[in-house]
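The structure file start.cif is reproduced below (mmCIF, C-alpha atoms).
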data_start
#
loop_
_atom_site.group_PDB
_atom_site.id
_atom_site.type_symbol
_atom_site.label_atom_id
_atom_site.label_comp_id
_atom_site.auth_asym_id
_atom_site.auth_seq_id
_atom_site.Cartn_x
_atom_site.Cartn_y
_atom_site.Cartn_z
ATOM 1 C CA MET T 787 46.646 98.229 25.547
ATOM 2 C CA ARG T 788 49.089 100.099 23.355
ATOM 3 C CA PRO T 789 51.444 97.918 21.377
ATOM 4 C CA PHE T 790 54.537 99.387 23.065
ATOM 5 C CA ALA T 791 53.184 98.758 26.548
ATOM 6 C CA ALA T 792 52.183 95.245 25.595
ATOM 7 C CA ALA T 793 55.596 94.551 24.148
ATOM 8 C CA SER T 794 57.240 95.977 27.268
ATOM 9 C CA MET T 795 55.178 93.770 29.516
ATOM 10 C CA ILE T 796 55.995 90.728 27.459
ATOM 11 C CA ALA T 797 59.673 91.615 27.547
ATOM 12 C CA LEU T 798 59.602 92.147 31.309
ATOM 13 C CA GLY T 799 57.752 88.900 31.753
ATOM 14 C CA ALA T 800 60.294 87.082 29.639
ATOM 15 C CA LEU T 801 63.127 88.657 31.625
ATOM 16 C CA ALA T 802 61.538 87.621 34.897
ATOM 17 C CA LEU T 803 61.126 84.103 33.564
ATOM 18 C CA VAL T 804 64.729 83.908 32.455
ATOM 19 C CA ARG T 805 65.899 85.169 35.856
ATOM 20 C CA ALA T 806 63.711 82.623 37.629
ATOM 21 C CA LEU T 807 65.067 79.860 35.422
ATOM 22 C CA ARG T 808 68.632 80.952 36.030
ATOM 23 C CA ARG T 809 68.050 80.798 39.752
ATOM 24 C CA ARG T 810 66.897 77.216 39.407
ATOM 25 C CA TYR T 811 69.101 75.977 36.574
ATOM 26 C CA PHE T 812 72.562 76.465 35.125
ATOM 27 C CA ARG T 813 74.315 75.264 32.009
ATOM 28 C CA VAL T 814 77.604 73.484 31.478
ATOM 29 C CA GLU T 815 79.630 72.199 28.568
ATOM 30 C CA VAL T 816 81.101 68.717 28.930
ATOM 31 C CA ALA T 817 84.865 68.345 28.601
ATOM 32 C CA GLY T 818 86.647 65.007 28.920
ATOM 33 C CA ASP T 819 85.856 61.344 28.480
ATOM 34 C CA SER T 820 85.144 59.990 31.924
ATOM 35 C CA MET T 821 81.362 59.979 31.484
ATOM 36 C CA ARG T 822 81.335 58.334 28.063
ATOM 37 C CA PRO T 823 79.126 57.070 26.524
ATOM 38 C CA THR T 824 76.445 58.889 28.515
ATOM 39 C CA LEU T 825 78.006 62.322 28.156
ATOM 40 C CA LEU T 826 80.302 63.239 25.317
ATOM 41 C CA PRO T 827 82.796 66.085 25.117
ATOM 42 C CA GLY T 828 81.252 69.239 23.695
ATOM 43 C CA GLU T 829 77.707 68.484 24.816
ATOM 44 C CA TYR T 830 75.699 71.170 26.564
ATOM 45 C CA LEU T 831 73.754 70.282 29.663
ATOM 46 C CA LEU T 832 71.129 71.873 31.838
ATOM 47 C CA LEU T 833 71.547 71.237 35.546
ATOM 48 C CA SER T 834 69.229 71.889 38.432
ATOM 49 C CA ARG T 835 70.660 73.848 41.338
ATOM 50 C CA ALA T 836 68.055 72.242 43.573
ATOM 51 C CA VAL T 837 69.911 69.184 44.808
ATOM 52 C CA PRO T 838 67.607 66.749 46.617
ATOM 53 C CA SER T 839 68.429 66.532 50.297
ATOM 54 C CA ALA T 840 70.788 63.874 51.637
ATOM 55 C CA GLY T 841 68.898 60.620 51.564
ATOM 56 C CA ARG T 842 66.657 61.763 48.729
ATOM 57 C CA LEU T 843 69.310 62.154 46.053
ATOM 58 C CA GLY T 844 68.860 58.922 44.178
ATOM 59 C CA ALA T 845 71.332 56.435 42.803
ATOM 60 C CA GLY T 846 72.052 56.865 39.123
ATOM 61 C CA ALA T 847 71.776 60.636 39.118
ATOM 62 C CA ILE T 848 74.609 62.506 37.400
ATOM 63 C CA VAL T 849 75.855 65.305 39.592
ATOM 64 C CA LEU T 850 78.295 68.185 39.471
ATOM 65 C CA LEU T 851 80.792 68.992 42.188
ATOM 66 C CA GLN T 852 84.229 70.532 42.425
ATOM 67 C CA ASP T 853 87.358 68.411 42.613
ATOM 68 C CA ALA T 854 90.285 69.114 44.921
ATOM 69 C CA THR T 855 91.589 71.767 42.535
ATOM 70 C CA GLY T 856 88.249 73.598 42.332
ATOM 71 C CA ARG T 857 87.409 72.310 38.874
ATOM 72 C CA PRO T 858 83.765 71.335 38.232
ATOM 73 C CA ILE T 859 83.439 67.632 37.482
ATOM 74 C CA LEU T 860 80.534 65.395 36.497
ATOM 75 C CA LYS T 861 80.077 61.922 37.992
ATOM 76 C CA ARG T 862 77.286 59.425 38.599
ATOM 77 C CA VAL T 863 75.901 58.561 42.031
ATOM 78 C CA VAL T 864 76.581 54.861 42.569
ATOM 79 C CA GLY T 865 76.552 54.466 46.346
ATOM 80 C CA LEU T 866 74.064 55.992 48.767
ATOM 81 C CA PRO T 867 74.325 56.979 52.443
ATOM 82 C CA GLY T 868 74.483 53.995 54.735
ATOM 83 C CA GLU T 869 75.408 51.506 52.014
ATOM 84 C CA SER T 870 78.474 49.287 51.898
ATOM 85 C CA LEU T 871 80.223 49.235 48.577
ATOM 86 C CA ARG T 872 82.795 47.084 46.868
ATOM 87 C CA VAL T 873 84.289 48.206 43.593
ATOM 88 C CA GLY T 874 86.137 45.574 41.625
ATOM 89 C CA THR T 875 85.444 44.539 38.079
ATOM 90 C CA ALA T 876 81.822 45.216 39.041
ATOM 91 C CA VAL T 877 80.170 47.250 41.764
ATOM 92 C CA PHE T 878 78.547 45.493 44.691
ATOM 93 C CA VAL T 879 76.152 47.348 46.959
ATOM 94 C CA ASN T 880 75.533 45.644 50.277
ATOM 95 C CA ARG T 881 77.078 42.549 48.664
ATOM 96 C CA ARG T 882 74.609 42.593 45.776
ATOM 97 C CA ARG T 883 75.857 43.180 42.260
ATOM 98 C CA LEU T 884 74.725 46.470 40.751
ATOM 99 C CA ALA T 885 73.510 46.324 37.144
ATOM 100 C CA GLU T 886 75.133 49.213 35.296
ATOM 101 C CA PRO T 887 74.089 49.304 31.651
ATOM 102 C CA TYR T 888 75.384 52.880 31.423
ATOM 103 C CA ALA T 889 79.000 51.993 32.304
ATOM 104 C CA ILE T 890 81.766 50.919 29.942
ATOM 105 C CA GLY T 891 85.012 49.174 30.796
ATOM 106 C CA GLU T 892 86.146 47.761 34.116
ATOM 107 C CA SER T 893 87.693 49.537 37.069
ATOM 108 C CA PRO T 894 91.492 49.186 36.896
ATOM 109 C CA LEU T 895 93.032 47.183 39.724
ATOM 110 C CA ALA T 896 94.525 50.322 41.235
ATOM 111 C CA GLN T 897 91.015 51.716 41.631
ATOM 112 C CA HIS T 898 89.487 48.660 43.263
ATOM 113 C CA ARG T 899 88.317 49.534 46.734
ATOM 114 C CA GLY T 900 85.745 48.838 49.350
ATOM 115 C CA VAL T 901 83.764 51.067 51.646
ATOM 116 C CA ASN T 902 82.432 49.367 54.741
ATOM 117 C CA ARG T 903 79.658 51.859 55.180
ATOM 118 C CA LEU T 904 78.986 55.247 53.661
ATOM 119 C CA GLY T 905 78.173 57.922 56.196
ATOM 120 C CA GLU T 906 74.659 59.295 56.581
ATOM 121 C CA ASP T 907 75.371 62.116 54.151
ATOM 122 C CA GLU T 908 77.995 60.451 51.957
ATOM 123 C CA TYR T 909 77.774 59.359 48.345
ATOM 124 C CA PHE T 910 80.048 57.277 46.165
ATOM 125 C CA LEU T 911 80.486 58.765 42.721
ATOM 126 C CA ILE T 912 81.982 57.030 39.684
ATOM 127 C CA GLY T 913 82.434 58.056 36.066
ATOM 128 C CA ASP T 914 80.671 55.841 33.521
ATOM 129 C CA ASN T 915 83.921 55.310 31.607
ATOM 130 C CA ARG T 916 85.441 53.067 34.246
ATOM 131 C CA GLU T 917 88.940 53.000 32.809
ATOM 132 C CA ALA T 918 89.236 56.755 32.370
ATOM 133 C CA SER T 919 87.778 58.465 35.386
ATOM 134 C CA THR T 920 89.136 59.979 38.570
ATOM 135 C CA ASP T 921 86.326 59.731 41.088
ATOM 136 C CA SER T 922 85.350 58.341 44.487
ATOM 137 C CA ARG T 923 87.492 55.306 43.763
ATOM 138 C CA ASP T 924 90.389 57.746 44.073
ATOM 139 C CA PHE T 925 89.256 60.585 46.315
ATOM 140 C CA GLY T 926 86.763 58.707 48.446
ATOM 141 C CA ALA T 927 83.130 59.265 49.330
ATOM 142 C CA VAL T 928 81.677 62.710 48.778
ATOM 143 C CA ARG T 929 79.552 64.544 51.314
ATOM 144 C CA HIS T 930 76.178 65.767 50.156
ATOM 145 C CA GLU T 931 77.062 69.426 50.746
ATOM 146 C CA ARG T 932 79.690 69.242 48.005
ATOM 147 C CA ILE T 933 77.152 68.421 45.310
ATOM 148 C CA GLU T 934 76.244 71.592 43.456
ATOM 149 C CA GLY T 935 73.861 70.429 40.771
ATOM 150 C CA VAL T 936 72.050 67.532 39.165
ATOM 151 C CA VAL T 937 72.058 66.967 35.406
ATOM 152 C CA ARG T 938 68.500 67.168 34.020
ATOM 153 C CA PHE T 939 68.651 67.797 30.300
ATOM 154 C CA ARG T 940 70.963 67.764 27.332
ATOM 155 C CA TYR T 941 70.223 70.534 24.843
ATOM 156 C CA TRP T 942 73.111 70.159 22.423
ATOM 157 C CA PRO T 943 73.871 68.532 19.967
ATOM 158 C CA PRO T 944 70.437 68.383 18.373
ATOM 159 C CA ARG T 945 70.546 64.631 17.720
ATOM 160 C CA ARG T 946 71.048 63.920 21.432
ATOM 161 C CA VAL T 947 68.661 66.470 22.887
ATOM 162 C CA GLY T 948 66.563 65.083 25.702
ATOM 163 C CA PRO T 949 66.126 64.589 29.425
ATOM 164 C CA ILE T 950 68.826 62.846 31.449
ATOM 165 C CA GLY T 951 67.430 61.069 34.439
ATOM 166 C CA ALA T 952 68.541 58.392 36.837
ATOM 167 C CA PRO T 953 68.023 54.870 35.487
ATOM 168 C CA HIS T 954 66.094 52.350 37.537
ATOM 169 C CA ARG T 955 68.489 50.761 40.016
ATOM 170 C CA GLU T 956 68.804 47.001 39.809
ATOM 171 C CA LEU T 957 70.632 44.967 42.411
ATOM 172 C CA GLY T 958 71.218 41.293 41.719
ATOM 173 C CA GLN T 959 71.699 38.305 43.932
ATOM 174 C CA ALA T 960 73.840 38.537 47.018
ATOM 175 C CA GLU T 961 77.405 37.606 46.126
ATOM 176 C CA ALA T 962 79.252 34.645 47.594
ATOM 177 C CA SER T 963 82.136 35.670 49.823
ATOM 178 C CA GLY T 964 85.339 35.996 47.862
ATOM 179 C CA GLU T 965 88.376 38.179 47.446
ATOM 180 C CA LEU T 966 88.146 41.435 49.295
ATOM 181 C CA PRO T 967 89.245 44.654 47.666
ATOM 182 C CA LEU T 968 92.108 46.676 48.943
ATOM 183 C CA GLY T 969 91.192 48.492 52.119
ATOM 184 C CA MET T 970 88.174 46.371 52.932
ATOM 185 C CA ILE T 971 88.397 44.972 56.426
ATOM 186 C CA PRO T 972 87.976 41.195 56.180
ATOM 187 C CA PRO T 973 85.571 39.423 58.496
ATOM 188 C CA ARG T 974 86.946 37.440 61.410
ATOM 189 C CA ASN T 975 85.766 34.088 60.068
ATOM 190 C CA MET K 1388 80.973 79.805 9.967
ATOM 191 C CA ASN K 1389 77.847 77.770 9.174
ATOM 192 C CA ILE K 1390 74.500 78.154 10.866
ATOM 193 C CA ARG K 1391 74.926 75.145 13.102
ATOM 194 C CA THR K 1392 78.214 76.439 14.420
ATOM 195 C CA ARG K 1393 76.721 79.854 15.031
ATOM 196 C CA VAL K 1394 73.801 78.367 16.921
ATOM 197 C CA ALA K 1395 76.188 76.222 18.963
ATOM 198 C CA GLU K 1396 78.199 79.285 19.863
ATOM 199 C CA LEU K 1397 75.062 81.155 20.912
ATOM 200 C CA LEU K 1398 73.947 78.297 23.115
ATOM 201 C CA ARG K 1399 77.374 77.490 24.549
ATOM 202 C CA PRO K 1400 77.529 77.668 28.338
ATOM 203 C CA SER K 1401 80.255 79.683 29.983
ATOM 204 C CA LEU K 1402 80.981 76.941 32.527
ATOM 205 C CA ILE K 1403 82.923 73.864 31.519
ATOM 206 C CA ALA K 1404 82.334 70.750 33.592
ATOM 207 C CA HIS K 1405 84.970 68.096 33.384
ATOM 208 C CA ALA K 1406 83.942 64.521 32.895
ATOM 209 C CA HIS K 1407 87.517 63.988 33.684
ATOM 210 C CA CYS K 1408 90.017 61.260 33.009
ATOM 211 C CA ASP K 1409 93.018 60.544 35.142
ATOM 212 C CA ILE K 1410 96.679 59.926 34.556
ATOM 213 C CA PRO K 1411 96.706 60.599 30.800
ATOM 214 C CA CYS K 1412 95.349 64.059 31.607
ATOM 215 C CA GLY K 1413 98.133 64.732 34.070
ATOM 216 C CA ILE K 1414 96.120 64.356 37.240
ATOM 217 C CA TYR K 1415 97.987 62.897 40.209
ATOM 218 C CA HIS K 1416 96.765 62.218 43.679
ATOM 219 C CA PRO K 1417 98.517 60.605 46.667
ATOM 220 C CA HIS K 1418 95.254 59.363 48.108
ATOM 221 C CA ILE K 1419 95.674 55.843 46.751
ATOM 222 C CA ALA K 1420 99.146 55.532 48.262
ATOM 223 C CA GLN K 1421 97.834 56.779 51.602
ATOM 224 C CA GLN K 1422 94.974 54.333 51.489
ATOM 225 C CA GLY K 1423 97.430 51.547 50.718
ATOM 226 C CA ALA K 1424 99.618 52.467 53.688
ATOM 227 C CA GLU K 1425 96.542 52.531 55.898
ATOM 228 C CA SER K 1426 95.616 49.075 54.650
ATOM 229 C CA VAL K 1427 99.102 47.743 55.389
ATOM 230 C CA GLU K 1428 98.815 48.998 58.954
ATOM 231 C CA ARG K 1429 95.359 47.530 59.354
ATOM 232 C CA MET K 1430 96.513 44.143 58.121
ATOM 233 C CA MET K 1431 99.440 44.220 60.561
ATOM 234 C CA VAL K 1432 96.986 44.875 63.402
ATOM 235 C CA LEU K 1433 94.783 41.991 62.323
ATOM 236 C CA ILE K 1434 97.759 39.671 61.948
ATOM 237 C CA GLY K 1435 98.925 40.614 65.422
ATOM 238 C CA GLU K 1436 95.493 40.019 66.916
ATOM 239 C CA LEU K 1437 95.233 36.645 65.219
ATOM 240 C CA GLY K 1438 98.333 35.330 66.942
ATOM 241 C CA THR K 1439 99.390 31.822 65.965
ATOM 242 C CA PRO K 1440 96.396 30.151 64.328
ATOM 243 C CA GLY K 1441 95.710 26.661 65.488
ATOM 244 C CA ASP K 1442 93.081 25.664 62.969
ATOM 245 C CA ALA K 1443 92.237 25.903 59.300
ATOM 246 C CA ALA K 1444 89.958 28.880 59.763
ATOM 247 C CA GLY K 1445 92.683 30.848 61.496
ATOM 248 C CA LEU K 1446 95.253 29.917 58.886
ATOM 249 C CA ASN K 1447 92.816 30.948 56.189
ATOM 250 C CA SER K 1448 92.390 34.358 57.805
ATOM 251 C CA LEU K 1449 96.144 34.761 58.185
ATOM 252 C CA ALA K 1450 96.659 33.924 54.522
ATOM 253 C CA ARG K 1451 94.100 36.532 53.488
ATOM 254 C CA TYR K 1452 95.599 39.223 55.710
ATOM 255 C CA VAL K 1453 99.085 38.544 54.366
ATOM 256 C CA ALA K 1454 97.813 38.601 50.772
ATOM 257 C CA GLU K 1455 96.136 41.964 51.340
ATOM 258 C CA LYS K 1456 99.271 43.312 53.007
ATOM 259 C CA GLU K 1457 101.346 42.264 50.002
ATOM 260 C CA LYS K 1458 98.982 43.947 47.558
ATOM 261 C CA ALA K 1459 98.683 47.097 49.619
ATOM 262 C CA ALA K 1460 102.419 47.528 50.149
ATOM 263 C CA GLU K 1461 103.128 47.017 46.470
ATOM 264 C CA LEU K 1462 100.406 49.504 45.588
ATOM 265 C CA VAL K 1463 102.041 52.080 47.865
ATOM 266 C CA LYS K 1464 105.320 51.616 46.010
ATOM 267 C CA HIS K 1465 103.609 51.807 42.633
ATOM 268 C CA GLU K 1466 101.664 54.980 43.379
ATOM 269 C CA VAL K 1467 104.544 56.796 45.049
ATOM 270 C CA ARG K 1468 106.823 55.850 42.179
ATOM 271 C CA ILE K 1469 104.362 57.297 39.631
ATOM 272 C CA ILE K 1470 103.994 60.601 41.447
ATOM 273 C CA TRP K 1471 107.746 60.838 42.153
ATOM 274 C CA GLY K 1472 108.744 59.955 38.592
ATOM 275 C CA ASP K 1473 105.992 61.664 36.582
ATOM 276 C CA TYR K 1474 104.742 64.569 38.664
ATOM 277 C CA PHE K 1475 107.612 66.031 40.648
ATOM 278 C CA LYS K 1476 109.778 68.397 38.607
ATOM 279 C CA PRO K 1477 113.150 70.079 39.333
ATOM 280 C CA PRO K 1478 111.521 73.143 40.979
ATOM 281 C CA HIS K 1479 109.781 70.774 43.401
ATOM 282 C CA VAL K 1480 113.059 69.121 44.249
ATOM 283 C CA GLU K 1481 114.393 72.570 45.077
ATOM 284 C CA MET K 1482 111.456 72.969 47.452
ATOM 285 C CA PHE K 1483 112.166 69.561 49.006
ATOM 286 C CA PRO K 1484 115.860 68.685 48.646
ATOM 287 C CA ASP K 1485 115.348 65.411 50.517
ATOM 288 C CA LEU K 1486 112.508 64.241 48.221
ATOM 289 C CA HIS K 1487 114.495 61.421 46.621
ATOM 290 C CA GLU K 1488 115.640 60.159 50.004
ATOM 291 C CA LYS K 1489 112.052 60.238 51.301
ATOM 292 C CA VAL K 1490 110.868 58.191 48.328
ATOM 293 C CA TRP K 1491 113.726 55.698 48.746
ATOM 294 C CA ASN K 1492 112.763 55.385 52.406
ATOM 295 C CA ILE K 1493 109.140 54.662 51.462
ATOM 296 C CA MET K 1494 110.280 51.939 49.065
ATOM 297 C CA LYS K 1495 112.411 50.362 51.791
ATOM 298 C CA LEU K 1496 109.645 50.569 54.395
ATOM 299 C CA ALA K 1497 107.068 49.081 52.035
ATOM 300 C CA SER K 1498 109.383 46.176 51.302
ATOM 301 C CA THR K 1499 110.017 45.707 55.016
ATOM 302 C CA CYS K 1500 106.267 45.568 55.596
ATOM 303 C CA ARG K 1501 105.957 42.883 52.943
ATOM 304 C CA GLN K 1502 108.777 40.852 54.450
ATOM 305 C CA GLY K 1503 107.646 41.029 58.068
ATOM 306 C CA VAL K 1504 104.737 41.590 60.391
ATOM 307 C CA GLY K 1505 106.012 44.518 62.440
ATOM 308 C CA LEU K 1506 103.307 47.009 63.267
ATOM 309 C CA ASP K 1507 105.928 49.680 63.951
ATOM 310 C CA ASP K 1508 107.166 49.303 60.377
ATOM 311 C CA ALA K 1509 103.609 49.810 59.113
ATOM 312 C CA LYS K 1510 103.202 52.907 61.250
ATOM 313 C CA ALA K 1511 106.494 54.259 59.930
ATOM 314 C CA LEU K 1512 105.366 53.552 56.364
ATOM 315 C CA ARG K 1513 102.089 55.359 56.902
ATOM 316 C CA ALA K 1514 103.866 58.366 58.408
ATOM 317 C CA ALA K 1515 106.321 58.452 55.513
ATOM 318 C CA VAL K 1516 103.551 58.297 52.919
ATOM 319 C CA ASP K 1517 101.593 61.032 54.713
ATOM 320 C CA GLU K 1518 104.717 63.182 54.659
ATOM 321 C CA PHE K 1519 105.123 62.478 50.934
ATOM 322 C CA ALA K 1520 101.490 63.451 50.358
ATOM 323 C CA ASP K 1521 102.021 66.621 52.334
ATOM 324 C CA MET K 1522 104.969 67.532 50.088
ATOM 325 C CA PHE K 1523 102.810 66.829 47.046
ATOM 326 C CA TRP K 1524 100.036 69.166 48.199
ATOM 327 C CA LYS K 1525 102.499 71.886 49.123
ATOM 328 C CA THR K 1526 103.694 71.943 45.541
ATOM 329 C CA LYS K 1527 100.117 72.796 44.557
ATOM 330 C CA ALA K 1528 99.624 75.497 47.154
#

Show how you would write the structure in this file as structure tokens.
Amino acid sequence: MRPFAAASMIALGALALVRALRRRYFRVEVAGDSMRPTLLPGEYLLLSRAVPSAGRLGAGAIVLLQDATGRPILKRVVGLPGESLRVGTAVFVNRRRLAEPYAIGESPLAQHRGVNRLGEDEYFLIGDNREASTDSRDFGAVRHERIEGVVRFRYWPPRRVGPIGAPHRELGQAEASGELPLGMIPPRN
Amino acid sequence: MNIRTRVAELLRPSLIAHAHCDIPCGIYHPHIAQQGAESVERMMVLIGELGTPGDAAGLNSLARYVAEKEKAAELVKHEVRIIWGDYFKPPHVEMFPDLHEKVWNIMKLASTCRQGVGLDDAKALRAAVDEFADMFWKTKA
């Protein structure tokens, strides 16, 4: 094969690959502090456009959606469809304390809330920096259809390059009944 | 410009995703106040259904409902005060000349809900907060 034809084929192949990758993935730059320490401002991320279907999107995944003003935001999936959640100084899922080694700080009192049961396609999203994040504690559960991407990889800065996956979810012992968060309907007895 | 900076610029995405912080970044949202008003109303319903407790369990429930009502009503006042004082600007007041009166009314209703157990007061509070939220969103339209 002539060198020019070979080079053309390679170039076309590369172009096709790039187009295929762009259909599956997109890139974002992080701005803001609400996902510290996991994501830092100025980092570049690769996200998958293929969002697992409702019920298959796992807890711990970091997802992108648009807030009420149309701005893309990044938050972590903490509550899954069908689960009951209580957010106080810690997060309780179905009355069991969620281990969250990725989170820093405690939810401010004004953001304490409870969700009796997430709908079949609803997720509860929270920023890892609990004292500096506007998220489901403020705007409520998010429907699956609003999630536009899942963070897969960080490619900048060089010292933090690597995959970003969902950590193994650990739920502790069932909590004893205690103070209910604002909005949580108390039991009759 | 050094090599690292040049590489960073080449690799920089065009889309910025906000791992966003709240009040210090100027983000306001009436959702919390609305949730608080909803909670006040719910507690009033539960208090009404409980009636006059005749045993320790009933008194315990009543105490919890009242405590939640107190917290929720105070939260409504806090959140509305923040948005009224920090977010609304003179052009917004021109849009809604009765804004200050509406906020004063919310404060009064929230206090009334703390002081008593009237479900009608809770319904009025919720309606007032929803109206306040509606004004807020219209300023963003």

**OP:** Pick out the residues sitting within 12 Å of stretch 1393-1405 of chain K, and hand them over as an MDAnalysis selection string; count all atoms listed in the file, and ignore anything fewer than 4 positions along from it in its own chain.
**Re:** (chainID T and resid 811:822 825:833 848:853 855:861 913 919:921 934:935 937 940:944) or (chainID K and resid 1388:1389 1409 1412)

Those same residues - C-alpha atoms - I'd like them written as a PDB file, keeping the file's coordinate frame.
ATOM      1  CA  TYR T 811      69.101  75.977  36.574  1.00  0.00           C
ATOM      2  CA  PHE T 812      72.562  76.465  35.125  1.00  0.00           C
ATOM      3  CA  ARG T 813      74.315  75.264  32.009  1.00  0.00           C
ATOM      4  CA  VAL T 814      77.604  73.484  31.478  1.00  0.00           C
ATOM      5  CA  GLU T 815      79.630  72.199  28.568  1.00  0.00           C
ATOM      6  CA  VAL T 816      81.101  68.717  28.930  1.00  0.00           C
ATOM      7  CA  ALA T 817      84.865  68.345  28.601  1.00  0.00           C
ATOM      8  CA  GLY T 818      86.647  65.007  28.920  1.00  0.00           C
ATOM      9  CA  ASP T 819      85.856  61.344  28.480  1.00  0.00           C
ATOM     10  CA  SER T 820      85.144  59.990  31.924  1.00  0.00           C
ATOM     11  CA  MET T 821      81.362  59.979  31.484  1.00  0.00           C
ATOM     12  CA  ARG T 822      81.335  58.334  28.063  1.00  0.00           C
ATOM     13  CA  LEU T 825      78.006  62.322  28.156  1.00  0.00           C
ATOM     14  CA  LEU T 826      80.302  63.239  25.317  1.00  0.00           C
ATOM     15  CA  PRO T 827      82.796  66.085  25.117  1.00  0.00           C
ATOM     16  CA  GLY T 828      81.252  69.239  23.695  1.00  0.00           C
ATOM     17  CA  GLU T 829      77.707  68.484  24.816  1.00  0.00           C
ATOM     18  CA  TYR T 830      75.699  71.170  26.564  1.00  0.00           C
ATOM     19  CA  LEU T 831      73.754  70.282  29.663  1.00  0.00           C
ATOM     20  CA  LEU T 832      71.129  71.873  31.838  1.00  0.00           C
ATOM     21  CA  LEU T 833      71.547  71.237  35.546  1.00  0.00           C
ATOM     22  CA  ILE T 848      74.609  62.506  37.400  1.00  0.00           C
ATOM     23  CA  VAL T 849      75.855  65.305  39.592  1.00  0.00           C
ATOM     24  CA  LEU T 850      78.295  68.185  39.471  1.00  0.00           C
ATOM     25  CA  LEU T 851      80.792  68.992  42.188  1.00  0.00           C
ATOM     26  CA  GLN T 852      84.229  70.532  42.425  1.00  0.00           C
ATOM     27  CA  ASP T 853      87.358  68.411  42.613  1.00  0.00           C
ATOM     28  CA  THR T 855      91.589  71.767  42.535  1.00  0.00           C
ATOM     29  CA  GLY T 856      88.249  73.598  42.332  1.00  0.00           C
ATOM     30  CA  ARG T 857      87.409  72.310  38.874  1.00  0.00           C
ATOM     31  CA  PRO T 858      83.765  71.335  38.232  1.00  0.00           C
ATOM     32  CA  ILE T 859      83.439  67.632  37.482  1.00  0.00           C
ATOM     33  CA  LEU T 860      80.534  65.395  36.497  1.00  0.00           C
ATOM     34  CA  LYS T 861      80.077  61.922  37.992  1.00  0.00           C
ATOM     35  CA  GLY T 913      82.434  58.056  36.066  1.00  0.00           C
ATOM     36  CA  SER T 919      87.778  58.465  35.386  1.00  0.00           C
ATOM     37  CA  THR T 920      89.136  59.979  38.570  1.00  0.00           C
ATOM     38  CA  ASP T 921      86.326  59.731  41.088  1.00  0.00           C
ATOM     39  CA  GLU T 934      76.244  71.592  43.456  1.00  0.00           C
ATOM     40  CA  GLY T 935      73.861  70.429  40.771  1.00  0.00           C
ATOM     41  CA  VAL T 937      72.058  66.967  35.406  1.00  0.00           C
ATOM     42  CA  ARG T 940      70.963  67.764  27.332  1.00  0.00           C
ATOM     43  CA  TYR T 941      70.223  70.534  24.843  1.00  0.00           C
ATOM     44  CA  TRP T 942      73.111  70.159  22.423  1.00  0.00           C
ATOM     45  CA  PRO T 943      73.871  68.532  19.967  1.00  0.00           C
ATOM     46  CA  PRO T 944      70.437  68.383  18.373  1.00  0.00           C
TER      47      PRO T 944
ATOM     48  CA  MET K1388      80.973  79.805   9.967  1.00  0.00           C
ATOM     49  CA  ASN K1389      77.847  77.770   9.174  1.00  0.00           C
ATOM     50  CA  ASP K1409      93.018  60.544  35.142  1.00  0.00           C
ATOM     51  CA  CYS K1412      95.349  64.059  31.607  1.00  0.00           C
TER      52      CYS K1412
END

Step by step, work through what the PyMOL selection byres ((chain K and resi 1521-1523) around 10) selects in the shown file, and finish by giving those residues as a compact mmCIF listing (two decimals) with C-alpha atoms, in the frame of the given file.
# COMPACT_ATOMS: atom_id res chain seq x y z
CA TYR K 1415 97.99 62.90 40.21
CA HIS K 1416 96.76 62.22 43.68
CA PRO K 1417 98.52 60.60 46.67
CA ILE K 1470 103.99 60.60 41.45
CA TRP K 1471 107.75 60.84 42.15
CA TYR K 1474 104.74 64.57 38.66
CA PHE K 1475 107.61 66.03 40.65
CA HIS K 1479 109.78 70.77 43.40
CA MET K 1482 111.46 72.97 47.45
CA PHE K 1483 112.17 69.56 49.01
CA LEU K 1486 112.51 64.24 48.22
CA ALA K 1515 106.32 58.45 55.51
CA VAL K 1516 103.55 58.30 52.92
CA ASP K 1517 101.59 61.03 54.71
CA GLU K 1518 104.72 63.18 54.66
CA PHE K 1519 105.12 62.48 50.93
CA ALA K 1520 101.49 63.45 50.36
CA TRP K 1524 100.04 69.17 48.20
CA LYS K 1525 102.50 71.89 49.12
CA THR K 1526 103.69 71.94 45.54
CA LYS K 1527 100.12 72.80 44.56
CA ALA K 1528 99.62 75.50 47.15

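Checking K:Gly1438, K:Gly1423, K:Pro1484, K:Gly1445 one by one against T:Ala896, counting all atoms listed in the file, you find the shortest gap at K:Gly1423.
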
Subject >> Picked residues, the PyMOL selection byres ((chain T and resi 906) around 8), expected as a ChimeraX atom specification >> reply: /T:840-841,867-868,904-905,907-908

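Distances here use all atoms listed in the file; by that measure, the residue among K:Thr1439, K:Asn1447, K:Ile1390, K:Asp1507 closest to chain T is K:Asn1447.
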
**OP:** Decode the PyMOL selection byres ((chain T and resi 954) around 12) for the given file into explicit residues and return them as a ChimeraX atom specification.
**Re:** /T:844-847,864,884-888,951-953,955-957
